[in-house]
$ cat entry-v4.tsv   # TSV, C-alpha atoms
chain	number	residue	atom	x	y	z
A	1079	ASP	CA	-26.25	-23.96	-28.45
A	1080	ALA	CA	-24.91	-20.85	-26.74
A	1081	GLY	CA	-22.17	-21.16	-24.18
A	1082	VAL	CA	-22.00	-19.33	-20.88
A	1083	THR	CA	-22.67	-15.64	-21.36
A	1084	GLN	CA	-21.74	-12.79	-19.05
A	1085	SER	CA	-22.59	-9.12	-18.99
A	1086	PRO	CA	-21.31	-6.53	-19.10
A	1087	THR	CA	-17.97	-7.23	-20.78
A	1088	HIS	CA	-16.22	-4.34	-19.11
A	1089	LEU	CA	-17.16	-2.07	-16.25
A	1090	ILE	CA	-15.54	0.91	-14.56
A	1091	LYS	CA	-16.61	1.95	-11.08
A	1092	THR	CA	-15.26	4.15	-8.32
A	1093	ARG	CA	-14.45	3.18	-4.76
A	1094	GLY	CA	-17.49	2.80	-2.56
A	1095	GLN	CA	-19.89	2.08	-5.38
A	1096	GLN	CA	-21.84	-1.10	-5.87
A	1097	VAL	CA	-21.77	-3.39	-8.91
A	1098	THR	CA	-23.93	-6.19	-10.29
A	1099	LEU	CA	-22.57	-8.74	-12.73
A	1100	ARG	CA	-24.74	-11.18	-14.65
A	1101	CYS	CA	-24.31	-14.71	-15.93
A	1102	SER	CA	-26.44	-17.03	-18.03
A	1103	PRO	CA	-25.47	-20.70	-17.87
A	1104	ILE	CA	-25.55	-23.25	-20.63
A	1105	SER	CA	-29.05	-24.54	-21.25
A	1106	GLY	CA	-29.70	-27.52	-18.99
A	1107	HIS	CA	-27.04	-26.57	-16.44
A	1108	LYS	CA	-28.37	-25.92	-12.96
A	1109	SER	CA	-25.21	-24.82	-11.20
A	1110	VAL	CA	-23.34	-21.53	-11.47
A	1111	SER	CA	-20.00	-20.73	-9.87
A	1112	TRP	CA	-18.32	-17.34	-9.60
A	1113	TYR	CA	-14.56	-16.75	-9.58
A	1114	GLN	CA	-12.38	-13.68	-9.16
A	1115	GLN	CA	-9.20	-13.57	-11.23
A	1116	VAL	CA	-6.81	-10.81	-10.28
A	1117	LEU	CA	-4.22	-9.94	-12.92
A	1118	GLY	CA	-1.37	-12.43	-12.91
A	1119	GLN	CA	-3.13	-14.96	-10.68
A	1120	GLY	CA	-5.38	-17.96	-11.04
A	1121	PRO	CA	-9.13	-17.80	-10.50
A	1122	GLN	CA	-10.25	-17.72	-6.86
A	1123	PHE	CA	-13.56	-19.37	-5.96
A	1124	ILE	CA	-16.22	-16.98	-4.65
A	1125	PHE	CA	-19.54	-18.89	-4.69
A	1126	GLN	CA	-21.37	-21.82	-6.14
A	1127	TYR	CA	-25.15	-21.85	-6.53
A	1128	TYR	CA	-27.29	-24.85	-7.33
A	1129	GLU	CA	-31.05	-24.82	-7.67
A	1130	LYS	CA	-31.10	-21.23	-6.33
A	1131	GLU	CA	-29.28	-22.18	-3.14
A	1132	GLU	CA	-25.72	-21.33	-2.14
A	1133	ARG	CA	-23.80	-24.54	-1.59
A	1134	GLY	CA	-20.22	-23.33	-1.53
A	1135	ARG	CA	-18.43	-20.14	-0.56
A	1136	GLY	CA	-14.81	-19.07	-0.76
A	1137	ASN	CA	-12.86	-16.71	1.49
A	1138	PHE	CA	-14.51	-13.48	0.44
A	1139	PRO	CA	-16.02	-10.78	2.65
A	1140	ASP	CA	-19.74	-10.23	3.09
A	1141	ARG	CA	-19.54	-7.37	0.58
A	1142	PHE	CA	-19.77	-10.13	-2.01
A	1143	SER	CA	-23.18	-11.70	-2.48
A	1144	ALA	CA	-24.95	-13.59	-5.22
A	1145	ARG	CA	-28.23	-15.12	-6.15
A	1146	GLN	CA	-29.59	-17.55	-8.69
A	1147	PHE	CA	-32.91	-17.17	-10.44
A	1148	PRO	CA	-35.51	-19.81	-11.40
A	1149	ASN	CA	-34.09	-19.86	-14.94
A	1150	TYR	CA	-30.66	-20.67	-13.37
A	1151	SER	CA	-29.09	-17.37	-14.40
A	1152	SER	CA	-27.14	-15.66	-11.66
A	1153	GLU	CA	-26.06	-12.25	-10.42
A	1154	LEU	CA	-22.96	-11.39	-8.42
A	1155	ASN	CA	-23.16	-8.23	-6.32
A	1156	VAL	CA	-20.24	-6.43	-4.77
A	1157	ASN	CA	-20.88	-3.55	-2.36
A	1158	ALA	CA	-18.56	-0.82	-1.14
A	1159	LEU	CA	-16.04	-1.44	-3.89
A	1160	LEU	CA	-12.34	-1.30	-3.09
A	1161	LEU	CA	-9.44	-0.80	-5.47
A	1162	GLY	CA	-8.48	-4.41	-4.81
A	1163	ASP	CA	-11.76	-5.63	-6.27
A	1164	SER	CA	-10.44	-4.79	-9.73
A	1165	ALA	CA	-10.32	-8.14	-11.50
A	1166	LEU	CA	-11.79	-10.38	-14.15
A	1167	TYR	CA	-14.92	-12.02	-12.76
A	1168	LEU	CA	-15.61	-15.39	-14.28
A	1169	CYS	CA	-18.80	-17.37	-14.23
A	1170	ALA	CA	-18.83	-21.12	-14.80
A	1171	SER	CA	-21.81	-23.37	-15.28
A	1172	SER	CA	-22.12	-27.09	-14.74
A	1173	LEU	CA	-24.82	-29.71	-14.55
A	1174	GLY	CA	-24.53	-29.59	-10.79
A	1175	THR	CA	-25.13	-33.27	-10.24
A	1176	GLY	CA	-21.73	-34.01	-8.74
A	1177	ASN	CA	-19.06	-32.33	-6.66
A	1178	GLY	CA	-16.55	-32.34	-9.48
A	1179	ASP	CA	-18.70	-31.69	-12.54
A	1180	GLU	CA	-16.90	-30.26	-15.54
A	1181	GLN	CA	-17.25	-26.49	-15.46
A	1182	PHE	CA	-17.75	-24.40	-18.58
A	1183	PHE	CA	-16.50	-20.83	-18.27
A	1184	GLY	CA	-17.85	-17.61	-19.70
A	1185	PRO	CA	-15.59	-14.90	-21.14
A	1186	GLY	CA	-15.73	-12.89	-17.92
A	1187	THR	CA	-16.51	-9.34	-16.88
A	1188	ARG	CA	-13.51	-7.10	-16.38
A	1189	LEU	CA	-14.16	-4.75	-13.47
A	1190	THR	CA	-11.93	-1.73	-12.91
A	1191	VAL	CA	-12.31	0.19	-9.67
A	1192	LEU	CA	-10.82	3.70	-9.68
B	1418	GLY	CA	-2.65	-25.38	2.47
B	1419	GLU	CA	-4.51	-24.74	-0.75
B	1420	ASP	CA	-1.64	-23.55	-2.90
B	1421	VAL	CA	-1.34	-25.10	-6.33
B	1422	GLU	CA	1.95	-23.89	-7.72
B	1423	GLN	CA	3.18	-23.38	-11.25
B	1424	SER	CA	6.13	-21.67	-12.85
B	1425	LEU	CA	5.06	-18.27	-14.13
B	1426	PHE	CA	6.49	-18.14	-17.61
B	1427	LEU	CA	7.69	-20.40	-20.42
B	1428	SER	CA	9.01	-19.44	-23.83
B	1429	VAL	CA	9.55	-21.96	-26.64
B	1430	ARG	CA	10.17	-21.90	-30.37
B	1431	GLU	CA	7.47	-23.00	-32.77
B	1432	GLY	CA	7.73	-26.72	-33.42
B	1433	ASP	CA	9.48	-27.49	-30.12
B	1434	SER	CA	7.83	-29.27	-27.21
B	1435	SER	CA	6.54	-27.34	-24.20
B	1436	VAL	CA	6.39	-28.76	-20.70
B	1437	ILE	CA	4.32	-26.98	-18.07
B	1438	ASN	CA	4.65	-28.15	-14.49
B	1439	CYS	CA	2.31	-28.02	-11.51
B	1440	THR	CA	2.58	-29.01	-7.87
B	1441	TYR	CA	-0.72	-29.65	-6.15
B	1442	THR	CA	-1.69	-30.16	-2.55
B	1443	ASP	CA	-4.65	-32.50	-2.11
B	1444	SER	CA	-3.48	-36.10	-2.34
B	1445	SER	CA	-7.09	-37.30	-2.29
B	1446	SER	CA	-7.98	-35.58	-5.58
B	1447	THR	CA	-9.61	-38.14	-7.84
B	1448	TYR	CA	-8.58	-36.27	-10.96
B	1449	LEU	CA	-6.72	-33.13	-11.99
B	1450	TYR	CA	-7.42	-30.65	-14.77
B	1451	TRP	CA	-5.53	-28.50	-17.24
B	1452	TYR	CA	-7.22	-25.32	-18.49
B	1453	LYS	CA	-6.14	-22.88	-21.19
B	1454	GLN	CA	-6.91	-19.15	-21.12
B	1455	GLU	CA	-6.37	-17.08	-24.23
B	1456	PRO	CA	-6.13	-13.28	-24.00
B	1457	GLY	CA	-9.44	-11.68	-23.09
B	1458	ALA	CA	-11.20	-15.01	-22.79
B	1459	GLY	CA	-12.48	-17.36	-20.12
B	1460	LEU	CA	-10.98	-20.72	-19.29
B	1461	GLN	CA	-11.22	-23.68	-21.63
B	1462	LEU	CA	-10.84	-27.22	-20.31
B	1463	LEU	CA	-7.97	-28.83	-22.23
B	1464	THR	CA	-7.70	-32.23	-20.63
B	1465	TYR	CA	-7.85	-34.06	-17.32
B	1466	ILE	CA	-6.30	-37.14	-15.77
B	1467	PHE	CA	-7.71	-39.56	-13.23
B	1468	SER	CA	-5.57	-40.07	-10.15
B	1469	ASN	CA	-5.21	-43.79	-10.86
B	1470	MET	CA	-3.37	-43.00	-14.09
B	1471	ASP	CA	0.28	-42.09	-14.58
B	1472	MET	CA	-0.09	-40.77	-18.09
B	1473	LYS	CA	-2.74	-39.66	-20.51
B	1474	GLN	CA	-2.17	-38.78	-24.15
B	1475	ASP	CA	-4.61	-36.75	-26.21
B	1476	GLN	CA	-3.29	-35.82	-29.67
B	1477	ARG	CA	-0.49	-33.30	-29.08
B	1478	LEU	CA	-1.10	-33.22	-25.32
B	1479	THR	CA	0.51	-35.57	-22.81
B	1480	VAL	CA	-0.30	-35.36	-19.12
B	1481	LEU	CA	2.00	-36.99	-16.58
B	1482	LEU	CA	1.03	-37.52	-12.96
B	1483	ASN	CA	3.39	-38.34	-10.10
B	1484	LYS	CA	1.14	-38.87	-7.09
B	1485	LYS	CA	4.00	-39.52	-4.71
B	1486	ASP	CA	5.47	-36.07	-5.36
B	1487	LYS	CA	2.06	-34.45	-6.09
B	1488	HIS	CA	3.45	-33.30	-9.41
B	1489	LEU	CA	1.50	-32.86	-12.61
B	1490	SER	CA	2.86	-31.87	-16.00
B	1491	LEU	CA	1.43	-30.99	-19.40
B	1492	ARG	CA	3.52	-31.58	-22.48
B	1493	ILE	CA	2.52	-29.98	-25.75
B	1494	ALA	CA	4.22	-31.52	-28.76
B	1495	ASP	CA	4.98	-29.49	-31.90
B	1496	THR	CA	4.00	-26.25	-30.17
B	1497	GLN	CA	2.27	-23.75	-32.44
B	1498	THR	CA	1.82	-19.97	-32.13
B	1499	GLY	CA	-1.85	-20.64	-31.42
B	1500	ASP	CA	-0.80	-22.42	-28.24
B	1501	SER	CA	0.34	-19.10	-26.76
B	1502	ALA	CA	-1.87	-18.64	-23.71
B	1503	ILE	CA	-1.95	-19.03	-19.95
B	1504	TYR	CA	-2.26	-22.61	-18.71
B	1505	PHE	CA	-3.76	-23.47	-15.34
B	1506	CYS	CA	-3.77	-26.74	-13.47
B	1507	ALA	CA	-6.69	-27.24	-11.12
B	1508	GLU	CA	-7.81	-29.54	-8.35
B	1509	PRO	CA	-11.47	-30.51	-8.07
B	1510	PRO	CA	-13.36	-29.70	-4.89
B	1511	SER	CA	-12.76	-31.61	-1.72
B	1512	SER	CA	-15.82	-33.49	-0.60
B	1513	GLY	CA	-18.64	-31.11	0.22
B	1514	THR	CA	-16.83	-27.87	-0.63
B	1515	TYR	CA	-17.61	-27.37	-4.36
B	1516	LYS	CA	-14.44	-25.25	-4.46
B	1517	TYR	CA	-12.06	-25.79	-7.36
B	1518	ILE	CA	-8.47	-24.77	-6.62
B	1519	PHE	CA	-6.58	-23.25	-9.54
B	1520	GLY	CA	-2.86	-22.85	-9.88
B	1521	THR	CA	-1.19	-19.51	-10.42
B	1522	GLY	CA	-0.97	-20.08	-14.16
B	1523	THR	CA	1.93	-20.45	-16.59
B	1524	ARG	CA	2.13	-18.01	-19.46
B	1525	LEU	CA	3.36	-19.84	-22.56
B	1526	LYS	CA	4.87	-17.72	-25.32
B	1527	VAL	CA	5.58	-19.42	-28.63
B	1528	LEU	CA	8.16	-17.73	-30.83
B	1529	ALA	CA	7.81	-18.05	-34.58
$ encode --input "entry-v4.tsv" --output "C-alpha coordinates"
Amino acid sequence: DAGVTQSPTHLIKTRGQQVTLRCSPISGHKSVSWYQQVLGQGPQFIFQYYEKEERGRGNFPDRFSARQFPNYSSELNVNALLLGDSALYLCASSLGTGNGDEQFFGPGTRLTVL
Amino acid sequence: GEDVEQSLFLSVREGDSSVINCTYTDSSSTYLYWYKQEPGAGLQLLTYIFSNMDMKQDQRLTVLLNKKDKHLSLRIADTQTGDSAIYFCAEPPSSGTYKYIFGTGTRLKVLA
(Lines of atoms letter the chains of each structure in order from A and count residues from 1; the text may use other names and numbers.)
(Lines give C-alpha, C1' and ligand atoms only; values in the text may rest on other atoms or scores of the structure.)
Protein backbone atom coordinates (compact mmCIF):
# COMPACT_ATOMS: atom_id res chain seq x y z
CA ASP A 1 0.00 0.00 0.00
CA ALA A 2 1.35 3.44 -0.88
CA GLY A 3 2.33 5.82 1.86
CA VAL A 4 1.56 9.51 1.97
CA THR A 5 2.44 11.16 -1.32
CA GLN A 6 3.08 14.83 -1.98
CA SER A 7 3.56 16.86 -5.12
CA PRO A 8 5.52 18.55 -6.40
CA THR A 9 8.81 17.50 -4.84
CA HIS A 10 10.44 20.85 -5.36
CA LEU A 11 9.10 24.24 -6.34
CA ILE A 12 10.65 27.63 -6.99
CA LYS A 13 8.51 30.76 -6.87
CA THR A 14 9.09 34.49 -6.64
CA ARG A 15 7.80 36.87 -4.01
CA GLY A 16 4.16 37.77 -4.41
CA GLN A 17 3.24 34.65 -6.31
CA GLN A 18 0.80 32.00 -5.18
CA VAL A 19 1.51 28.29 -4.72
CA THR A 20 -0.57 25.13 -4.36
CA LEU A 21 0.83 22.00 -2.78
CA ARG A 22 -0.88 18.62 -2.90
CA CYS A 23 -1.09 15.64 -0.60
CA SER A 24 -2.65 12.20 -0.88
CA PRO A 25 -3.13 10.37 2.42
CA ILE A 26 -2.77 6.70 3.11
CA SER A 27 -5.81 4.75 1.97
CA GLY A 28 -8.35 4.65 4.78
CA HIS A 29 -7.00 7.74 6.54
CA LYS A 30 -9.49 10.57 6.82
CA SER A 31 -7.32 13.24 8.40
CA VAL A 32 -4.58 15.33 6.83
CA SER A 33 -2.28 17.74 8.66
CA TRP A 34 0.09 20.27 7.15
CA TYR A 35 3.39 21.40 8.69
CA GLN A 36 6.00 23.96 7.73
CA GLN A 37 9.62 23.04 8.46
CA VAL A 38 12.06 25.90 8.07
CA LEU A 39 15.69 24.85 7.68
CA GLY A 40 17.22 23.98 11.02
CA GLN A 41 13.93 23.90 12.91
CA GLY A 42 11.25 21.40 13.80
CA PRO A 43 7.95 21.16 11.94
CA GLN A 44 5.39 23.83 12.81
CA PHE A 45 1.70 22.91 12.67
CA ILE A 46 -0.32 24.80 10.05
CA PHE A 47 -3.67 22.97 9.70
CA GLN A 48 -5.48 19.75 10.31
CA TYR A 49 -8.43 18.67 8.18
CA TYR A 50 -10.82 15.85 8.94
CA GLU A 51 -13.76 14.83 6.79
CA LYS A 52 -13.24 17.98 4.67
CA GLU A 53 -13.51 20.30 7.66
CA GLU A 54 -10.74 22.29 9.33
CA ARG A 55 -10.46 21.23 12.95
CA GLY A 56 -7.14 22.71 13.96
CA ARG A 57 -5.06 25.70 12.94
CA GLY A 58 -1.62 26.91 13.97
CA ASN A 59 -0.26 30.45 14.18
CA PHE A 60 -0.08 31.18 10.48
CA PRO A 61 -1.47 34.20 8.61
CA ASP A 62 -4.55 34.11 6.43
CA ARG A 63 -2.31 33.86 3.36
CA PHE A 64 -2.21 30.16 4.21
CA SER A 65 -5.33 28.18 3.38
CA ALA A 66 -6.16 24.57 2.71
CA ARG A 67 -8.95 22.28 1.73
CA GLN A 68 -9.70 18.58 1.75
CA PHE A 69 -11.53 16.77 -1.00
CA PRO A 70 -14.09 13.94 -0.82
CA ASN A 71 -11.32 11.41 -1.51
CA TYR A 72 -9.46 12.87 1.55
CA SER A 73 -6.62 14.31 -0.50
CA SER A 74 -5.70 17.86 0.40
CA GLU A 75 -4.26 21.05 -1.04
CA LEU A 76 -2.33 23.74 0.79
CA ASN A 77 -2.42 27.21 -0.78
CA VAL A 78 -0.13 30.07 0.07
CA ASN A 79 -0.81 33.51 -1.40
CA ALA A 80 1.44 36.54 -1.70
CA LEU A 81 4.58 34.53 -1.06
CA LEU A 82 7.31 35.99 1.12
CA LEU A 83 10.97 35.00 1.28
CA GLY A 84 10.27 33.59 4.73
CA ASP A 85 7.83 31.08 3.30
CA SER A 86 10.78 29.12 1.93
CA ALA A 87 10.60 25.79 3.73
CA LEU A 88 9.86 22.10 3.51
CA TYR A 89 6.09 21.60 3.66
CA LEU A 90 5.12 18.29 5.16
CA CYS A 91 1.81 16.53 4.98
CA ALA A 92 0.81 13.88 7.51
CA SER A 93 -2.16 11.58 7.41
CA SER A 94 -3.89 9.76 10.22
CA LEU A 95 -7.06 7.83 10.83
CA GLY A 96 -8.52 10.91 12.46
CA THR A 97 -10.46 9.06 15.10
CA GLY A 98 -8.58 10.50 18.06
CA ASN A 99 -6.78 13.65 19.09
CA GLY A 100 -3.41 11.94 19.24
CA ASP A 101 -3.58 9.49 16.35
CA GLU A 102 -0.25 8.33 14.98
CA GLN A 103 0.66 10.53 12.04
CA PHE A 104 2.36 9.21 8.92
CA PHE A 105 4.42 11.79 7.06
CA GLY A 106 5.01 12.28 3.37
CA PRO A 107 8.43 13.20 1.95
CA GLY A 108 7.50 16.87 1.73
CA THR A 109 7.54 19.62 -0.88
CA ARG A 110 10.53 21.92 -0.76
CA LEU A 111 9.44 25.45 -1.62
CA THR A 112 12.01 28.11 -2.45
CA VAL A 113 10.85 31.71 -2.72
CA LEU A 114 13.23 34.06 -4.54
CA GLY B 1 4.88 28.21 26.38
CA GLU B 2 5.03 25.68 23.58
CA ASP B 3 8.78 25.26 23.31
CA VAL B 4 10.09 21.73 23.18
CA GLU B 5 13.84 22.01 23.43
CA GLN B 6 16.64 19.79 22.23
CA SER B 7 20.37 20.13 21.84
CA LEU B 8 21.19 20.90 18.23
CA PHE B 9 24.00 18.53 17.42
CA LEU B 10 25.54 15.25 18.56
CA SER B 11 28.51 13.40 17.12
CA VAL B 12 29.41 9.83 18.09
CA ARG B 13 31.65 7.06 16.81
CA GLU B 14 30.16 3.99 15.21
CA GLY B 15 29.45 1.35 17.83
CA ASP B 16 29.13 3.84 20.69
CA SER B 17 25.85 4.75 22.37
CA SER B 18 24.04 7.99 21.52
CA VAL B 19 21.85 9.87 23.95
CA ILE B 20 19.52 12.56 22.65
CA ASN B 21 17.77 14.75 25.18
CA CYS B 22 14.52 16.69 25.10
CA THR B 23 12.75 19.02 27.50
CA TYR B 24 9.02 19.33 26.95
CA THR B 25 6.41 21.66 28.33
CA ASP B 26 2.99 20.03 28.69
CA SER B 27 2.89 17.98 31.87
CA SER B 28 -0.52 16.59 30.89
CA SER B 29 0.82 14.84 27.77
CA THR B 30 -0.34 11.23 27.87
CA TYR B 31 2.56 10.09 25.72
CA LEU B 32 5.60 11.49 23.94
CA TYR B 33 7.11 10.62 20.57
CA TRP B 34 10.50 10.32 18.94
CA TYR B 35 10.72 10.87 15.18
CA LYS B 36 13.65 10.40 12.80
CA GLN B 37 14.20 12.48 9.66
CA GLU B 38 16.76 11.37 7.12
CA PRO B 39 18.09 13.82 4.52
CA GLY B 40 15.46 14.80 1.98
CA ALA B 41 12.78 12.72 3.65
CA GLY B 42 9.73 13.19 5.83
CA LEU B 43 9.49 12.18 9.46
CA GLN B 44 9.38 8.56 10.54
CA LEU B 45 7.94 7.59 13.92
CA LEU B 46 10.66 5.72 15.82
CA THR B 47 9.04 5.04 19.15
CA TYR B 48 6.80 6.53 21.81
CA ILE B 49 6.36 6.26 25.55
CA PHE B 50 3.24 6.55 27.67
CA SER B 51 3.43 9.10 30.45
CA ASN B 52 2.83 6.44 33.11
CA MET B 53 6.09 4.74 32.14
CA ASP B 54 9.63 5.62 33.17
CA MET B 55 11.36 3.57 30.53
CA LYS B 56 10.65 1.78 27.31
CA GLN B 57 13.07 -0.45 25.44
CA ASP B 58 12.67 -1.36 21.79
CA GLN B 59 15.64 -3.27 20.35
CA ARG B 60 18.51 -0.76 20.20
CA LEU B 61 16.31 2.12 21.39
CA THR B 62 15.72 3.03 25.03
CA VAL B 63 13.43 5.89 25.98
CA LEU B 64 13.64 7.39 29.47
CA LEU B 65 11.00 9.72 30.86
CA ASN B 66 11.38 11.96 33.90
CA LYS B 67 7.97 13.56 34.37
CA LYS B 68 9.03 15.63 37.36
CA ASP B 69 11.67 17.43 35.30
CA LYS B 70 9.72 17.13 32.00
CA HIS B 71 12.77 15.47 30.49
CA LEU B 72 12.76 12.82 27.80
CA SER B 73 15.77 11.02 26.36
CA LEU B 74 16.43 8.58 23.54
CA ARG B 75 19.37 6.23 23.79
CA ILE B 76 20.57 4.41 20.71
CA ALA B 77 22.84 1.49 21.49
CA ASP B 78 25.57 0.37 19.07
CA THR B 79 25.04 3.43 16.88
CA GLN B 80 25.46 2.76 13.16
CA THR B 81 26.18 5.12 10.26
CA GLY B 82 22.61 4.55 9.12
CA ASP B 83 21.44 6.21 12.32
CA SER B 84 22.80 9.55 11.08
CA ALA B 85 19.72 11.76 10.85
CA ILE B 86 17.81 14.47 12.68
CA TYR B 87 15.81 13.29 15.68
CA PHE B 88 12.74 15.12 16.94
CA CYS B 89 10.81 14.67 20.13
CA ALA B 90 7.15 15.63 19.95
CA GLU B 91 4.21 16.23 22.23
CA PRO B 92 0.74 15.14 21.14
CA PRO B 93 -2.01 17.73 20.88
CA SER B 94 -3.60 19.22 23.93
CA SER B 95 -7.25 18.38 24.19
CA GLY B 96 -9.18 19.85 21.28
CA THR B 97 -6.23 21.44 19.47
CA TYR B 98 -5.01 18.65 17.14
CA LYS B 99 -1.65 20.46 17.19
CA TYR B 100 1.48 18.34 17.63
CA ILE B 101 4.43 20.25 19.07
CA PHE B 102 7.83 19.23 17.72
CA GLY B 103 11.19 19.96 19.23
CA THR B 104 13.92 21.82 17.41
CA GLY B 105 15.62 18.59 16.38
CA THR B 106 19.01 17.06 17.17
CA ARG B 107 21.29 16.28 14.26
CA LEU B 108 23.13 13.02 14.97
CA LYS B 109 26.33 12.40 13.04
CA VAL B 110 27.87 8.95 13.29
CA LEU B 111 31.57 8.74 12.48
CA ALA B 112 32.89 5.53 10.96
$ closest_atom_pairs --input "entry-v4.tsv" --of "chain B" --to "chain A" --cutoff "8 Å" --atoms "all atoms listed in the file" --output "Markdown table"
| residue | atom | partner | partner_atom | distance |
| --- | --- | --- | --- | --- |
| B:Gly1457 | CA | A:Pro1185 | CA | 7.2 |
| B:Ala1458 | CA | A:Pro1185 | CA | 4.7 |
| B:Gly1459 | CA | A:Pro1185 | CA | 4.1 |
| B:Leu1460 | CA | A:Phe1183 | CA | 5.6 |
| B:Gln1461 | CA | A:Phe1183 | CA | 6.9 |
| B:Leu1462 | CA | A:Phe1182 | CA | 7.7 |
| B:Phe1505 | CA | A:Gly1120 | CA | 7.2 |
| B:Pro1509 | CA | A:Gly1178 | CA | 5.6 |
| B:Pro1510 | CA | A:Gly1178 | CA | 6.2 |
| B:Ser1512 | CA | A:Asn1177 | CA | 7.0 |
| B:Gly1513 | CA | A:Asn1177 | CA | 7.0 |
| B:Thr1514 | CA | A:Gly1134 | CA | 5.7 |
| B:Tyr1515 | CA | A:Gly1134 | CA | 5.6 |
| B:Lys1516 | CA | A:Phe1123 | CA | 6.1 |
| B:Tyr1517 | CA | A:Phe1123 | CA | 6.7 |
| B:Ile1518 | CA | A:Gln1122 | CA | 7.3 |
| B:Phe1519 | CA | A:Gly1120 | CA | 5.6 |
| B:Gly1520 | CA | A:Gly1120 | CA | 5.6 |
| B:Thr1521 | CA | A:Gly1120 | CA | 4.5 |
| B:Gly1522 | CA | A:Gly1120 | CA | 5.8 |
$ atom_distance --input "entry-v4.tsv" --atom1 "CA of Arg1141 in chain A" --atom2 "CA of Gln1095 in chain A"
11.2 Å
$ residues_near_point --input "entry-v4.tsv" --point "(2.5, -34.3, -4.8)" --cutoff "7 Å" --atoms "all atoms listed in the file" --output "list in words"
Thr1440, Tyr1441, Thr1442, Ser1444, Asn1483, Lys1484, Lys1485, Asp1486, Lys1487 and His1488 of chain B
$ axis_aligned_box --input "entry-v4.tsv" --around "range 1424-1441 of chain B" --padding-each-side "5 Å" --output "lines of an AutoDock Vina configuration file"
center_x = 4.7
center_y = -23.9
center_z = -19.8
size_x = 20.9
size_y = 21.5
size_z = 37.3
$ residues_around --input "entry-v4.tsv" --residues "Thr1083 in chain A" --least-positions-apart "4" --cutoff "7 Å" --atoms "only C-alpha atoms" --output "number ranges by chain"
A: 1101-1103, 1184
$ closest_residue --input "entry-v4.tsv" --among "B:Ser1445, B:Leu1491, B:Val1480, B:Ser1501" --to "Ala1529 in chain B" --atoms "all atoms listed in the file"
B:Ser1501
$ atom_distance --input "entry-v4.tsv" --atom1 "CA of Trp1112 in chain A" --atom2 "CA of Tyr1150 in chain A"
13.3 Å
$ residues_around --input "entry-v4.tsv" --residues "Val1527 in chain B" --least-positions-apart "2" --cutoff "6 Å" --atoms "all atoms listed in the file" --output "PDB file with C-alpha atoms, in the coordinates of the input"
ATOM      1  CA  SER B1428       9.010 -19.440 -23.830  1.00  0.00           C
ATOM      2  CA  VAL B1429       9.550 -21.960 -26.640  1.00  0.00           C
ATOM      3  CA  ARG B1430      10.170 -21.900 -30.370  1.00  0.00           C
ATOM      4  CA  GLU B1431       7.470 -23.000 -32.770  1.00  0.00           C
ATOM      5  CA  THR B1498       1.820 -19.970 -32.130  1.00  0.00           C
ATOM      6  CA  SER B1501       0.340 -19.100 -26.760  1.00  0.00           C
TER       7      SER B1501
END
$ residues_around --input "entry-v4.tsv" --residues "Leu1099 in chain A" --least-positions-apart "6" --cutoff "7 Å" --atoms "all atoms listed in the file" --output "ChimeraX atom specification"
/A:1085-1086,1153-1155
$ residues_around --input "entry-v4.tsv" --residues "Ser1446 in chain B" --least-positions-apart "2" --cutoff "7 Å" --atoms "only C-alpha atoms" --output "list in words"
Asp1443, Ser1444, Tyr1448, Leu1449, Ser1468, Glu1508 and Pro1509 of chain B
$ atom_distance --input "entry-v4.tsv" --atom1 "CA of Glu1422 in chain B" --atom2 "CA of Thr1464 in chain B"
18.1 Å
$ closest_residue --input "entry-v4.tsv" --among "A:Thr1190, A:Asn1157, A:Ser1171, A:Thr1098" --to "Gly1081 in chain A" --atoms "all atoms listed in the file"
A:Ser1171
$ build_atoms --input "entry-v4.tsv" --residues "range 1443-1458 of chain B" --atoms "N, CA and C atoms" --output "short mmCIF file (atom, residue, chain, number, x, y, z; two decimals), in the frame of the given file"
data_model
loop_
_atom_site.label_atom_id
_atom_site.label_comp_id
_atom_site.auth_asym_id
_atom_site.auth_seq_id
_atom_site.Cartn_x
_atom_site.Cartn_y
_atom_site.Cartn_z
N ASP B 1443 -3.69 -31.55 -2.67
CA ASP B 1443 -4.65 -32.50 -2.11
C ASP B 1443 -4.41 -33.90 -2.69
N SER B 1444 -3.81 -34.75 -1.87
CA SER B 1444 -3.48 -36.10 -2.34
C SER B 1444 -4.72 -36.95 -2.58
N SER B 1445 -5.88 -36.51 -2.11
CA SER B 1445 -7.09 -37.30 -2.29
C SER B 1445 -7.84 -36.93 -3.56
N SER B 1446 -7.31 -35.98 -4.33
CA SER B 1446 -7.98 -35.58 -5.58
C SER B 1446 -8.14 -36.79 -6.49
N THR B 1447 -9.36 -36.99 -6.98
CA THR B 1447 -9.61 -38.14 -7.84
C THR B 1447 -9.19 -37.87 -9.28
N TYR B 1448 -9.10 -36.62 -9.63
CA TYR B 1448 -8.58 -36.27 -10.96
C TYR B 1448 -8.07 -34.84 -10.90
N LEU B 1449 -7.33 -34.46 -11.91
CA LEU B 1449 -6.72 -33.13 -11.99
C LEU B 1449 -6.92 -32.60 -13.41
N TYR B 1450 -7.07 -31.28 -13.51
CA TYR B 1450 -7.42 -30.65 -14.77
C TYR B 1450 -6.29 -29.76 -15.30
N TRP B 1451 -6.29 -29.57 -16.60
CA TRP B 1451 -5.53 -28.50 -17.24
C TRP B 1451 -6.49 -27.62 -18.04
N TYR B 1452 -6.41 -26.30 -17.78
CA TYR B 1452 -7.22 -25.32 -18.49
C TYR B 1452 -6.31 -24.40 -19.29
N LYS B 1453 -6.85 -23.85 -20.36
CA LYS B 1453 -6.14 -22.88 -21.19
C LYS B 1453 -6.94 -21.58 -21.20
N GLN B 1454 -6.26 -20.44 -21.06
CA GLN B 1454 -6.91 -19.15 -21.12
C GLN B 1454 -6.20 -18.28 -22.14
N GLU B 1455 -6.92 -17.96 -23.21
CA GLU B 1455 -6.37 -17.08 -24.23
C GLU B 1455 -6.67 -15.63 -23.84
N PRO B 1456 -5.94 -14.68 -24.40
CA PRO B 1456 -6.13 -13.28 -24.00
C PRO B 1456 -7.58 -12.83 -24.13
N GLY B 1457 -8.08 -12.22 -23.06
CA GLY B 1457 -9.44 -11.68 -23.09
C GLY B 1457 -10.54 -12.72 -23.05
N ALA B 1458 -10.19 -13.95 -22.76
CA ALA B 1458 -11.20 -15.01 -22.79
C ALA B 1458 -11.29 -15.73 -21.45
#
